[in-house]
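Here the structure is laid out as structure tokens; the discussion comes afterwards.
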Amino acid sequence: MKPVSILAYAFLGGFLLLTLFPIYWIIAASLKTPLDTLALPPVWFFRPTLASYRQVFVEEHYIRYFLNTTIIALATTAISLAVGSMAAYVLDRYRFPFSNLIAYALLGTRMIFPIVYAIPLFLVFRDLDLLDTHLGLVIAYTTFSLPYAVWIMAGFFSAVPKEIDEAAMVDGCSRFGAFCRVVLPLTAPGLAAATIYILLLSWNEFMFALVLAGGGVAKTLPVAAAQLIGQREIQWNELCAVSTAAILPLLIFFALVNKYLVRGMIAGAVKA
């Protein structure tokens, strides 16, 4: 191997070690006893135990918070992709007064600090009896996820020639049928990229979940995990167990859609 190749592999190996070590440490700490977790020097070889997982997911019923997070994140992703894809298609295919203004106004909403939305949403949801509900959190999450979906998908729709729509409609499809059957499948990499981004935002969101659903019925995993950090002590093993349960589903999902994500990134880079 050439010295340049050796240096490149060494750099990549060091980078992977630096980025993956915290994940390893979280998973390892979730399988240790409290004594091993706080030991100095660190304990590298230990007998794994599932006591932390049993404590949080069986005895403290954190499994319901995990299910809440899953339901809310999947519903937010589905709604944001469905509405965002149609909105992006309309903004790209049709020209009407203030169309560009609407597009940039959607993008401009992401330049506002999220805390600005929290209090108005709290007051509105209180009047509509949506506090501490799954529906309320889905609506709140969609407010900040939808602009991303629109702008990501608009870039991919612009790469699909309009002649494809026209050919589909000549063959008997309606405009909506051409969108669903022909155009949307051609933007699968964009859908994968938008899905990952929105799912990640919804899965890890903390502030809206704390303000709008901190009571317990619709409490999400990030809010429940924060409760393990007390004023006098931190339950490290239980916290690492909850973090591992939050990390692993995303890692599995990313591994399944990785090829679509790479295609989406390459398509965006070429288009730019």
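Ordering of the structure tokens sets the chain letters (A, B, ...), residue numbers begin anew at 1 in every chain, and ligands are numbered from 1 in the order given.
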**OP:** Would you mind writing down, as a count of residues only, each residue of stretch 197-256 of chain A that DSSP on the backbone assigns to helix (DSSP H, G or I)?
**Re:** 41
**OP:** Fewer than 6 positions away in the same chain doesn't count, so skip those; otherwise give me all residues within 9 Å of A:Ala168, counting only C-alpha atoms, as a PyMOL selection string.
**Re:** chain A and resi 174-175+177-178+181-182
Go ahead and dump the residues you just picked, N, CA and C atoms, as a PDB file, in the first residue's frame.
ATOM      1  N   SER A 174     -54.758  10.528 -14.319  1.00  0.00           N
ATOM      2  CA  SER A 174     -55.081  11.884 -13.908  1.00  0.00           C
ATOM      3  C   SER A 174     -53.803  12.551 -13.404  1.00  0.00           C
ATOM      4  N   ARG A 175     -53.888  13.833 -13.085  1.00  0.00           N
ATOM      5  CA  ARG A 175     -52.708  14.515 -12.553  1.00  0.00           C
ATOM      6  C   ARG A 175     -52.251  13.879 -11.252  1.00  0.00           C
ATOM      7  N   GLY A 177     -52.931  10.792 -10.320  1.00  0.00           N
ATOM      8  CA  GLY A 177     -52.444   9.453 -10.634  1.00  0.00           C
ATOM      9  C   GLY A 177     -51.041   9.472 -11.177  1.00  0.00           C
ATOM     10  N   ALA A 178     -50.729  10.454 -12.022  1.00  0.00           N
ATOM     11  CA  ALA A 178     -49.361  10.582 -12.542  1.00  0.00           C
ATOM     12  C   ALA A 178     -48.385  10.878 -11.418  1.00  0.00           C
ATOM     13  N   ARG A 181     -48.236   7.380  -9.242  1.00  0.00           N
ATOM     14  CA  ARG A 181     -47.781   6.172  -9.908  1.00  0.00           C
ATOM     15  C   ARG A 181     -46.466   6.345 -10.658  1.00  0.00           C
ATOM     16  N   VAL A 182     -46.169   7.545 -11.098  1.00  0.00           N
ATOM     17  CA  VAL A 182     -45.004   7.735 -11.960  1.00  0.00           C
ATOM     18  C   VAL A 182     -43.947   8.627 -11.322  1.00  0.00           C
TER      19      VAL A 182
END
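Take the candidates A:Ala213, A:Ser202, A:Leu101, A:Phe144 and check each one against A:Phe113 using only C-alpha atoms; the shortest distance goes to A:Phe144.
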Could you make a table, as a Markdown table, of the residues of stretch 124-216 of chain A that have an atom within 12 Å of an atom of stretch 225-241 of chain A, each with its nearest atom pair and distance in Å to one decimal, counting only C-alpha atoms, in chain and number order?
| residue | atom | partner | partner_atom | distance |
| --- | --- | --- | --- | --- |
| A:Asn204 | CA | A:Ala225 | CA | 11.1 |
| A:Phe206 | CA | A:Ala226 | CA | 9.3 |
| A:Met207 | CA | A:Ala226 | CA | 11.3 |
| A:Ala209 | CA | A:Ala226 | CA | 11.6 |
| A:Leu210 | CA | A:Ala226 | CA | 9.8 |
| A:Gly214 | CA | A:Gln227 | CA | 10.6 |
| A:Gly216 | CA | A:Gln227 | CA | 11.7 |
Original post:
Residues at most 7 Å from stretch 155-157 of chain A, counting only C-alpha atoms, excluding those fewer than 5 positions away in the same chain, as a VMD selection string?
Top reply: chain A and resid 89 92 187 190
For the selection just defined, write its residues with all heavy atoms to a file, as a short mmCIF file (atom, residue, chain, number, x, y, z; two decimals), in the first residue's frame.
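This went into part-v5.cif:
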data_model
loop_
_atom_site.label_atom_id
_atom_site.label_comp_id
_atom_site.auth_asym_id
_atom_site.auth_seq_id
_atom_site.Cartn_x
_atom_site.Cartn_y
_atom_site.Cartn_z
N TYR A 89 -44.63 19.14 -4.97
CA TYR A 89 -44.99 18.89 -6.37
C TYR A 89 -45.74 20.08 -6.95
O TYR A 89 -45.49 20.51 -8.08
CB TYR A 89 -45.84 17.62 -6.45
CG TYR A 89 -46.26 17.24 -7.84
CD1 TYR A 89 -45.36 16.60 -8.70
CD2 TYR A 89 -47.54 17.52 -8.30
CE1 TYR A 89 -45.74 16.25 -9.99
CE2 TYR A 89 -47.93 17.17 -9.58
CZ TYR A 89 -47.03 16.54 -10.42
OH TYR A 89 -47.41 16.20 -11.70
N ASP A 92 -43.45 23.04 -7.51
CA ASP A 92 -42.51 22.86 -8.62
C ASP A 92 -43.21 22.85 -9.98
O ASP A 92 -42.68 23.40 -10.96
CB ASP A 92 -41.75 21.54 -8.44
CG ASP A 92 -40.77 21.29 -9.57
OD1 ASP A 92 -39.74 22.00 -9.63
OD2 ASP A 92 -41.03 20.39 -10.40
N THR A 187 -38.70 9.60 -7.34
CA THR A 187 -38.03 10.40 -6.31
C THR A 187 -37.83 9.59 -5.02
O THR A 187 -37.75 10.16 -3.93
CB THR A 187 -38.84 11.66 -5.99
OG1 THR A 187 -40.15 11.29 -5.51
CG2 THR A 187 -39.00 12.54 -7.23
N GLY A 190 -35.12 10.74 -2.67
CA GLY A 190 -35.52 11.91 -1.91
C GLY A 190 -36.45 11.56 -0.77
O GLY A 190 -36.35 12.13 0.34
#
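The smallest atom-to-atom distance between A:Ile23 and any of A:Ala246, A:Ala103, A:Ala39, A:Tyr197, using only C-alpha atoms, is found for A:Ala246.
Residues within 9 Å of A:Trp151, counting only C-alpha atoms and excluding same-chain residues fewer than 6 positions away, are A:Gly84, A:Ala88, A:Ala103, A:Leu106, A:Leu107.
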Could the residues in this selection be written to a file with all heavy atoms, as a PDB file, in the first residue's frame?
ATOM      1  N   GLY A  84     -46.049  17.086   2.555  1.00  0.00           N
ATOM      2  CA  GLY A  84     -44.893  17.783   2.006  1.00  0.00           C
ATOM      3  C   GLY A  84     -44.607  17.414   0.567  1.00  0.00           C
ATOM      4  O   GLY A  84     -44.229  18.284  -0.237  1.00  0.00           O
ATOM      5  N   ALA A  88     -44.701  20.114  -2.365  1.00  0.00           N
ATOM      6  CA  ALA A  88     -43.497  20.327  -3.164  1.00  0.00           C
ATOM      7  C   ALA A  88     -43.790  20.123  -4.652  1.00  0.00           C
ATOM      8  O   ALA A  88     -43.282  20.860  -5.510  1.00  0.00           O
ATOM      9  CB  ALA A  88     -42.406  19.364  -2.707  1.00  0.00           C
ATOM     10  N   ALA A 103     -42.919  29.355  -0.817  1.00  0.00           N
ATOM     11  CA  ALA A 103     -41.808  28.416  -0.622  1.00  0.00           C
ATOM     12  C   ALA A 103     -40.785  28.967   0.361  1.00  0.00           C
ATOM     13  O   ALA A 103     -40.333  28.266   1.275  1.00  0.00           O
ATOM     14  CB  ALA A 103     -41.151  28.115  -1.969  1.00  0.00           C
ATOM     15  N   LEU A 106     -42.069  29.080   3.960  1.00  0.00           N
ATOM     16  CA  LEU A 106     -41.926  27.787   4.643  1.00  0.00           C
ATOM     17  C   LEU A 106     -40.521  27.603   5.181  1.00  0.00           C
ATOM     18  O   LEU A 106     -40.318  27.145   6.314  1.00  0.00           O
ATOM     19  CB  LEU A 106     -42.269  26.649   3.674  1.00  0.00           C
ATOM     20  CG  LEU A 106     -43.750  26.404   3.389  1.00  0.00           C
ATOM     21  CD1 LEU A 106     -43.908  25.394   2.270  1.00  0.00           C
ATOM     22  CD2 LEU A 106     -44.459  25.917   4.644  1.00  0.00           C
ATOM     23  N   LEU A 107     -39.536  27.954   4.358  1.00  0.00           N
ATOM     24  CA  LEU A 107     -38.153  27.845   4.803  1.00  0.00           C
ATOM     25  C   LEU A 107     -37.863  28.826   5.934  1.00  0.00           C
ATOM     26  O   LEU A 107     -37.112  28.514   6.863  1.00  0.00           O
ATOM     27  CB  LEU A 107     -37.205  28.097   3.627  1.00  0.00           C
ATOM     28  CG  LEU A 107     -35.710  27.944   3.918  1.00  0.00           C
ATOM     29  CD1 LEU A 107     -35.386  26.522   4.334  1.00  0.00           C
ATOM     30  CD2 LEU A 107     -34.888  28.351   2.702  1.00  0.00           C
TER      31      LEU A 107
END
**OP:** Write out as a PyMOL selection string the residues lying within 12 Å of A:Val124, counting only C-alpha atoms and excluding same-chain residues fewer than 6 positions away.
**Re:** chain A and resi 117-118+130-131+136+139-140+212
